[in-house]
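Participant: One structure is given below, represented as C-alpha cells, and several questions about it will come after.
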Amino acid sequence: MSEHTAAPHEEERDETQEVENGVHNFSSESDYVVPDNPLIRERLEWFKDQKLGIMMHWGPYSQIGVVESWALSDEDGVWSRNDIDWEQDSEEFKRQYFGLNRTFNPIRFQPELWAELAAEGGFKYLIFTTKHHDGFCMWDTHTTDYRITGPETPFHTHKYADICRNLFDAFRAKGLAIATYFSKADWHTPYYWAPGMARGRDMWRGPSYDPEAYPWLWDSFVRFTHDQIMELMSKYGRIDVLWLDAGWVREGSRVGQDIKLGEVVEKARELQPWLLSADRTVGGPYENYVTPEQTIPDGPLNVPWESCITMGTSFSFRYEDKYKSVRQLVHILLEVVAKGGNLALNVGPQPDGRLPEGAVKRIKELGVWMNTYGEAVYGTRICAPYFTDRCAFTRKENKVYCSYMYPGPDAPVTEYVTVPYTEQVTGVELVGSGESLEYRSSEEGLVIRLPQGVLSEKAPIAHVFRFSES
C-alpha cells in the first residue's frame with residue numbers, strides 16, 4: 001500500500017495495470033470463488049458483521065515520513081520518491097533505506113493504549129503490517145535478522161520488542177480480532193531480489209530474475225515465505241485473517257508468481273481452521289474477500305469485501321498529515337456499509353511508538369458517533385436502494401435503517417425530509433432518542449417530520465432513522 005489520496009470510484013479498471021502509484025485495483029466479482037469449506041463460509045458471515053477495522057502501516061520507514069517500501073522500486077520511483085530529497089543515487093538510497101532498522105527505536109510504544117483507543121473508537125478488528133514489501137519483520141522471526149528483534153535494531157532490548165506479539169495480545173484482550181498483513185514480495189531477501197541478475201541495478205516490484213529460469217532460487221523463496229507465514233500462524237495466538245499483499249504478476253506475463261499459497265494456507269488451517277485468507281487482487285479460492293483500496297465501488301457487491309482507506313493522506317506516518325473530518329469518515333463508513341462492505345480505516349503510527357494526536361482525536365470522535373448510532377452499522381446487511389445522494393440504507397432482521405447525511409454543519413435542517421424508501425413501514429423512530437416520528441408515503445418515498453428540538457441545531461453528521469416493518 002502507499003501514500004495516495006482517495007481515488008474516484010472505479011467500476012471499469014485497466015486489467016493490464018495491477019498497481020498504479022502503489023494502489024491496487026480490486027478483483028472483479030467474476031473472479032470470486034465461494035469457499036467449499038462451510039466453516040470458512042460461516043466466518044465470512046462473521047466478517048461481514050464486523051464492519052469497521054483499524055489498519056496500521058508501521059515500520060522503520062515511519063522515521064522519515066516517506067511512503068512505505070515503494071521508493072525502493074526503481075520502476076515506481078517516479079511517484080514514490082517525491083519526498084526523497086536527500087539522496088539522488090538510487091543504489092545509495094536503497095542502502096540508506098534498508099539501514100533504517102539500525103535507528104528504529106519506538107520506545108514510547110504502548111500496545112495497551114492502542115488497543116484501548118481502538119475499542120473506544122468502535123473498531124472490531126486490527127489489520128497490522130507484520131511485513132511490508134521492504135522485508136522488515138515486526139515479529140521475532142527466526143528466518144532473518146532483518147527484524148524488530150534483530151541485533152542491529154536498538155528496540156530489540158525493549159520489553160515490547162516483539163511488536164506483533166504484544167500488539168496482538170493487547171487487542172485480543174479488548175475483544176478485537178486480528179488480521180496479519182503480510183507482503184508476499186520481499187525486497188530484502190536475496191531469494192527475491194537476487195544480486196547479479198539481468199535487471200542489475202534497475203529493480204522493479206517483482207523478483208530480479210525469472211522464476212522459471214531459476215527454479216531452485218524461487219523454491220528457496222517459497223520455503224522462506226512459508227516459514228514466515230507459519231511462524232505467525234503457529235506462535236502468535238488466534239489469527240482471524242491472513243491478509244496478503246503484493247498480488248501483482250511477473251513483468252510482461254500474465255502468469256503469477258506462484259508461492260504455493262494453497263499449501264501454506266491449508267497447513268495454517270490445520271492449526272487455525274477458522275482462518276480467512278485475503279489474497280488481494282488474485283481471485284480464486286484464497287481471496288475470501290476482495291479489497292478495494294482508497295476507493296468505494298459504485299454499487300453494492302455480491303461478494304464479501306473491504307475498502308482500505310486512509311484516515312489522512314498516507315498509509316504510513318507522514319509529518320503534518322491532514323486528517324479527514326469525523327463527518328467525512330462517518331460518511332465513508334456509511335457508504336461502504338450500505339454497499340455491503342467493511343471499512344478498514346488506516347492510521348500510520350509515529351516512529352516513537354505513539355499514535356498521532358490528529359488520529360487519536362478522530363478515533364475518539366468516531367467512537368462517540370458509533371456508540372450512539374452503531375446499531376445502523378454493525379451486523380447489518382444491504383437493503384435497496386442501498387446508497388443514494390444523501391441516504392445510506394442497511395437492514396437488520398425486520399428493521400431498516402436510513403442514515404440521512406448532511407454535507408456540513410451549516411447545511412439546512414428542514415422540518416420535513418424525504419428519503420427514497422418505498423416499501424411499507426409500520427413506524428419510524430429517530431435513533432439516539434427513540435422518539436417516534438410522524439411520516440407519510442409519497443411517490444418519492446417516505447416524508448418524515450423531524451422533531452422541533454433538532455431544527456434549531458447545527459446539522460449533525462446524519463439523522464439516523466429506524467423503520468419497523470411488519
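The chains in the C-alpha cells are called A, B, ... from first to last as shown; in each chain the residues are counted from 1, and the ligands are counted from 1 in the order shown.
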Give me every strand (DSSP E or B) residue in range 17-186 of chain A, going by DSSP on the backbone, as a list in words.

Facilitator: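 Put together, the selection reads Val19, Glu20, Val23, His24, Tyr32, Leu52, Gly53, Ile54, Met55, Met56, Tyr125, Leu126, Ile127, Phe128, Thr129, Thr130, Lys131, Cys137, Arg147, Ala177, Ile178, Ala179, Thr180, Tyr181, Phe182 and Ser183 of chain A.
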
Participant: Keeping only N, CA and C atoms, write the selected residues as a CSV table (one decimal), in the first residue's frame.

Facilitator:
```csv
chain,number,residue,atom,x,y,z
A,19,VAL,N,-1.0,-2.4,-10.3
A,19,VAL,CA,-0.7,-1.5,-9.3
A,19,VAL,C,-0.3,-0.2,-9.9
A,20,GLU,N,-1.0,0.9,-9.5
A,20,GLU,CA,-0.7,2.2,-10.0
A,20,GLU,C,-0.4,3.1,-8.8
A,23,VAL,N,-1.2,1.7,-5.4
A,23,VAL,CA,-2.6,1.4,-5.1
A,23,VAL,C,-3.1,0.3,-6.0
A,24,HIS,N,-3.6,-0.8,-5.4
A,24,HIS,CA,-4.0,-2.0,-6.1
A,24,HIS,C,-5.5,-1.8,-6.6
A,32,TYR,N,-14.4,-14.2,-8.2
A,32,TYR,CA,-14.6,-14.7,-6.8
A,32,TYR,C,-15.0,-16.2,-6.8
A,52,LEU,N,-16.1,-2.5,10.8
A,52,LEU,CA,-15.1,-1.5,11.0
A,52,LEU,C,-13.8,-2.1,11.6
A,53,GLY,N,-12.7,-2.0,10.8
A,53,GLY,CA,-11.4,-2.4,11.3
A,53,GLY,C,-10.4,-1.3,11.3
A,54,ILE,N,-9.4,-1.3,12.1
A,54,ILE,CA,-8.4,-0.3,12.1
A,54,ILE,C,-7.1,-1.0,11.5
A,55,MET,N,-6.6,-0.3,10.5
A,55,MET,CA,-5.4,-0.8,9.8
A,55,MET,C,-4.2,0.1,10.2
A,56,MET,N,-3.0,-0.5,10.3
A,56,MET,CA,-1.8,0.2,10.7
A,56,MET,C,-0.6,-0.2,9.8
A,125,TYR,N,-11.7,-5.0,14.6
A,125,TYR,CA,-10.6,-5.9,14.3
A,125,TYR,C,-9.4,-5.0,13.9
A,126,LEU,N,-8.2,-5.6,14.0
A,126,LEU,CA,-7.0,-4.9,13.6
A,126,LEU,C,-6.3,-5.6,12.4
A,127,ILE,N,-5.9,-4.8,11.5
A,127,ILE,CA,-5.0,-5.3,10.4
A,127,ILE,C,-3.7,-4.6,10.6
A,128,PHE,N,-2.7,-5.4,10.8
A,128,PHE,CA,-1.3,-4.9,11.2
A,128,PHE,C,-0.3,-5.4,10.2
A,129,THR,N,0.6,-4.5,9.7
A,129,THR,CA,1.7,-4.9,8.8
A,129,THR,C,2.8,-5.6,9.5
A,130,THR,N,2.7,-6.9,9.5
A,130,THR,CA,3.7,-7.8,10.0
A,130,THR,C,5.0,-7.7,9.2
A,131,LYS,N,4.8,-7.5,7.9
A,131,LYS,CA,6.0,-7.3,6.9
A,131,LYS,C,5.4,-6.6,5.7
A,137,CYS,N,10.6,-7.3,9.3
A,137,CYS,CA,9.6,-8.1,10.1
A,137,CYS,C,9.4,-7.5,11.4
A,147,ARG,N,14.7,-7.7,11.3
A,147,ARG,CA,13.5,-7.8,12.1
A,147,ARG,C,13.6,-6.9,13.3
A,177,ALA,N,-10.5,-8.7,16.9
A,177,ALA,CA,-10.0,-9.8,16.1
A,177,ALA,C,-8.7,-9.3,15.5
A,178,ILE,N,-7.9,-10.3,14.9
A,178,ILE,CA,-6.5,-10.0,14.4
A,178,ILE,C,-6.4,-10.4,13.0
A,179,ALA,N,-6.0,-9.5,12.1
A,179,ALA,CA,-5.7,-9.8,10.7
A,179,ALA,C,-4.2,-9.5,10.5
A,180,THR,N,-3.4,-10.4,10.0
A,180,THR,CA,-2.0,-10.2,9.8
A,180,THR,C,-1.8,-9.8,8.3
A,181,TYR,N,-1.5,-8.5,8.1
A,181,TYR,CA,-1.0,-8.1,6.8
A,181,TYR,C,0.4,-8.7,6.6
A,182,PHE,N,0.6,-9.3,5.4
A,182,PHE,CA,1.8,-9.9,5.1
A,182,PHE,C,2.1,-9.8,3.6
A,183,SER,N,3.2,-9.2,3.2
A,183,SER,CA,3.6,-9.0,1.8
A,183,SER,C,4.2,-10.3,1.3
```

Participant: Point out the residue among A:Val368, A:Val265, A:Val417, A:Met311 with the least atom-to-atom distance to Phe465 in chain A, counting only C-alpha atoms.

Facilitator: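 Distance minimum relative to Phe465 in chain A lands on A:Val417.
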
Participant: Write out as a tab-separated table the residues of range 27-138 of chain A that have any atom within 9 Å of an atom of range 317-326 of chain A, one row each with the nearest atom pair and its distance in Å to one decimal, counting only C-alpha atoms, sorted by chain and then rising number.

Facilitator:
```
residue	atom	partner	partner_atom	distance
A:His57	CA	A:Phe317	CA	7.8
A:Trp58	CA	A:Phe317	CA	7.5
A:Tyr61	CA	A:Phe317	CA	8.4
A:Ser62	CA	A:Phe317	CA	5.4
A:Gln63	CA	A:Phe317	CA	8.2
A:Ile64	CA	A:Arg318	CA	8.0
A:Gly65	CA	A:Arg318	CA	4.4
A:Val66	CA	A:Arg318	CA	6.6
A:Val67	CA	A:Phe317	CA	8.2
A:Glu68	CA	A:Phe317	CA	8.9
```

Participant: Please, which residues of range 271-376 of chain A, numbered as in this document, come out helix (DSSP H, G or I) from DSSP, as a PyMOL selection string?

Facilitator: chain A and resi 271+326-338+357-376

Participant: Just to be explicit: take each residue in the selection above, keep C-alpha atoms, and write the result as a PDB file, in the first residue's frame.

Facilitator:
```pdb
ATOM      1  CA  LEU A 271      -3.859 -25.081  13.397  1.00  0.00           C
ATOM      2  CA  VAL A 326     -15.150  12.819  11.530  1.00  0.00           C
ATOM      3  CA  ARG A 327     -18.070  13.776   9.273  1.00  0.00           C
ATOM      4  CA  GLN A 328     -16.113  12.573   6.235  1.00  0.00           C
ATOM      5  CA  LEU A 329     -15.103   9.371   8.000  1.00  0.00           C
ATOM      6  CA  VAL A 330     -18.660   8.539   9.050  1.00  0.00           C
ATOM      7  CA  HIS A 331     -19.999   9.266   5.578  1.00  0.00           C
ATOM      8  CA  ILE A 332     -17.334   6.990   4.068  1.00  0.00           C
ATOM      9  CA  LEU A 333     -18.247   4.259   6.543  1.00  0.00           C
ATOM     10  CA  LEU A 334     -21.960   4.615   5.822  1.00  0.00           C
ATOM     11  CA  GLU A 335     -21.431   4.391   2.069  1.00  0.00           C
ATOM     12  CA  VAL A 336     -19.207   1.323   2.415  1.00  0.00           C
ATOM     13  CA  VAL A 337     -21.628  -0.460   4.732  1.00  0.00           C
ATOM     14  CA  ALA A 338     -24.676   0.443   2.622  1.00  0.00           C
ATOM     15  CA  GLU A 357      -2.694  13.410  18.013  1.00  0.00           C
ATOM     16  CA  GLY A 358      -4.871  14.151  14.989  1.00  0.00           C
ATOM     17  CA  ALA A 359      -5.627  10.464  14.515  1.00  0.00           C
ATOM     18  CA  VAL A 360      -6.375   9.981  18.218  1.00  0.00           C
ATOM     19  CA  LYS A 361      -8.855  12.863  18.105  1.00  0.00           C
ATOM     20  CA  ARG A 362     -10.636  11.416  15.066  1.00  0.00           C
ATOM     21  CA  ILE A 363     -10.808   7.937  16.589  1.00  0.00           C
ATOM     22  CA  LYS A 364     -12.397   9.280  19.760  1.00  0.00           C
ATOM     23  CA  GLU A 365     -14.904  11.353  17.756  1.00  0.00           C
ATOM     24  CA  LEU A 366     -15.760   8.344  15.639  1.00  0.00           C
ATOM     25  CA  GLY A 367     -16.301   6.302  18.780  1.00  0.00           C
ATOM     26  CA  VAL A 368     -18.765   8.822  20.160  1.00  0.00           C
ATOM     27  CA  TRP A 369     -20.824   8.616  16.965  1.00  0.00           C
ATOM     28  CA  MET A 370     -20.668   4.815  16.798  1.00  0.00           C
ATOM     29  CA  ASN A 371     -21.659   4.487  20.434  1.00  0.00           C
ATOM     30  CA  THR A 372     -24.990   6.137  19.602  1.00  0.00           C
ATOM     31  CA  TYR A 373     -25.634   5.019  16.038  1.00  0.00           C
ATOM     32  CA  GLY A 374     -23.672   1.775  15.698  1.00  0.00           C
ATOM     33  CA  GLU A 375     -26.851  -0.301  15.521  1.00  0.00           C
ATOM     34  CA  ALA A 376     -27.314   1.013  11.954  1.00  0.00           C
TER      35      ALA A 376
END
```

Participant: Rank nothing, just name the residue among A:His133, A:Lys458, A:Arg390, A:Arg269 nearest to Ile40 in chain A, using only C-alpha atoms.

Facilitator: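 So, comparing all the options, the nearest one is A:Arg269.
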
Participant: Take CA of Tyr386 in chain A and CA of Gly340 in chain A and report the distance between them in Å, one decimal.

Facilitator: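 Pair CA of Tyr386 in chain A / CA of Gly340 in chain A returns 8.6 Å.
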
Participant: Find the spatial neighbours of Thr225 in chain A, counting only C-alpha atoms, within a cut-off of 12 Å - ignore same-chain residues fewer than 6 positions away - and output them as a compact mmCIF listing (two decimals) with C-alpha atoms, in the first residue's frame.

Facilitator:
```
# COMPACT_ATOMS: atom_id res chain seq x y z
CA LYS A 131 5.96 -7.30 6.95
CA GLY A 135 11.05 -7.23 4.10
CA CYS A 137 9.64 -8.12 10.06
CA THR A 141 11.16 -14.27 13.22
CA HIS A 142 13.93 -16.84 13.02
CA THR A 143 14.18 -16.56 9.23
CA THR A 144 16.17 -13.31 9.05
CA PHE A 182 1.84 -9.94 5.06
CA SER A 183 3.61 -8.99 1.83
CA LYS A 184 4.23 -11.93 -0.50
CA ALA A 185 7.07 -9.90 -2.00
CA ASP A 186 10.26 -9.35 -0.01
CA THR A 189 15.95 -11.22 0.92
CA TYR A 191 15.92 -15.08 -2.67
CA TYR A 192 13.70 -12.40 -4.25
CA TRP A 218 12.42 -19.42 -6.42
CA ASP A 219 11.88 -22.61 -4.39
CA GLU A 231 5.63 -18.63 12.42
CA LEU A 232 2.83 -16.08 12.55
CA LEU A 244 -1.86 -10.93 1.78
CA ASP A 258 3.40 -18.96 -7.57
CA ILE A 259 4.32 -19.17 -3.90
CA LYS A 260 2.17 -22.32 -3.48
CA LEU A 261 -0.19 -20.32 -1.32
CA GLU A 263 -0.26 -25.36 0.61
CA VAL A 264 0.60 -22.90 3.37
CA VAL A 265 -2.98 -21.69 3.93
```

Participant: Report, in Å with one decimal, the straight-line distance from CA of Thr414 in chain A to CA of Thr394 in chain A.

Facilitator: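 Distance between the two atoms: 23.3 Å.
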
Participant: Show which residues sit within 10 Å of Asp279 in chain A, as a short mmCIF file (atom, residue, chain, number, x, y, z; two decimals) with C-alpha atoms, in the first residue's frame. Count only C-alpha atoms, and ignore same-chain residues fewer than 4 positions away.

Facilitator:
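And here's selection06.cif as it stands now:
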```cif
data_model
loop_
_atom_site.label_atom_id
_atom_site.label_comp_id
_atom_site.auth_asym_id
_atom_site.auth_seq_id
_atom_site.Cartn_x
_atom_site.Cartn_y
_atom_site.Cartn_z
CA PHE A 182 1.84 -9.94 5.06
CA LYS A 184 4.23 -11.93 -0.50
CA LEU A 242 -4.22 -13.79 6.72
CA TRP A 243 -4.22 -10.52 4.73
CA LEU A 244 -1.86 -10.93 1.78
CA ASP A 245 -0.47 -8.06 -0.28
CA ALA A 246 1.74 -7.93 -3.39
CA GLY A 247 -0.65 -9.74 -5.70
CA LEU A 261 -0.19 -20.32 -1.32
CA GLY A 283 -9.03 -14.09 -7.34
CA GLY A 284 -9.57 -17.77 -6.81
CA PRO A 285 -10.14 -19.89 -3.71
CA TYR A 286 -7.81 -17.96 -1.38
CA GLU A 287 -9.19 -14.50 -1.94
CA ASN A 288 -12.04 -14.99 0.51
CA TYR A 289 -12.93 -11.32 0.30
CA VAL A 290 -11.91 -8.55 -2.09
CA THR A 291 -10.17 -5.36 -1.03
#
```

Participant: Excluding Pro412 in chain A and any residue of its chain fewer than 5 positions from it, enumerate the residues within 10 Å of it, using only C-alpha atoms, and give them as an NGL selection string.

Facilitator: :A and (406-407 or 455-459)

Participant: Please produce an output containing N, CA and C atoms for each residue in the selection, written as an mmCIF file, in the first residue's frame.

Facilitator:
```cif
data_model
loop_
_atom_site.group_PDB
_atom_site.id
_atom_site.type_symbol
_atom_site.label_atom_id
_atom_site.label_comp_id
_atom_site.auth_asym_id
_atom_site.auth_seq_id
_atom_site.Cartn_x
_atom_site.Cartn_y
_atom_site.Cartn_z
ATOM 1 N N TYR A 406 -25.709 14.869 6.211
ATOM 2 C CA TYR A 406 -25.601 16.307 5.949
ATOM 3 C C TYR A 406 -24.160 16.634 5.552
ATOM 4 N N PRO A 407 -23.967 17.386 4.469
ATOM 5 C CA PRO A 407 -22.612 17.629 3.971
ATOM 6 C C PRO A 407 -21.745 18.489 4.878
ATOM 7 N N LEU A 455 -34.417 21.178 14.991
ATOM 8 C CA LEU A 455 -34.438 22.102 13.868
ATOM 9 C C LEU A 455 -33.560 23.320 14.090
ATOM 10 N N SER A 456 -33.330 23.692 15.319
ATOM 11 C CA SER A 456 -32.528 24.878 15.608
ATOM 12 C C SER A 456 -31.055 24.553 15.795
ATOM 13 N N GLU A 457 -30.700 23.253 15.696
ATOM 14 C CA GLU A 457 -29.325 22.839 15.918
ATOM 15 C C GLU A 457 -28.525 22.892 14.622
ATOM 16 N N LYS A 458 -27.194 22.886 14.777
ATOM 17 C CA LYS A 458 -26.336 22.712 13.620
ATOM 18 C C LYS A 458 -26.604 21.340 12.999
ATOM 19 N N ALA A 459 -26.401 21.232 11.718
ATOM 20 C CA ALA A 459 -26.656 19.959 11.053
ATOM 21 C C ALA A 459 -25.758 18.874 11.625
#
```

Participant: Take CA of Pro215 in chain A and CA of Met197 in chain A and report the distance between them in Å, one decimal.

Facilitator: 13.9 Å

Participant: Using only C-alpha atoms, which residue out of A:Gly379, A:Pro409, A:Pro195, A:Pro60 lies closest to Glu397 in chain A?

Facilitator: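 With only C-alpha atoms as the atom set, the closest residue is A:Gly379.
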
Participant: Which is closer to Phe393 in chain A than all the others in A:Gly262, A:Lys339, A:Val347, A:Phe47, using only C-alpha atoms?

Facilitator: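 With only C-alpha atoms as the atom set, the closest residue is A:Lys339.
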
Participant: A:Lys174, A:Thr103, A:Ser90, A:Tyr97: which is nearest Glu116 in chain A, counting only C-alpha atoms?

Facilitator: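 Checking each candidate against Glu116 in chain A, we get A:Lys174 as the closest.
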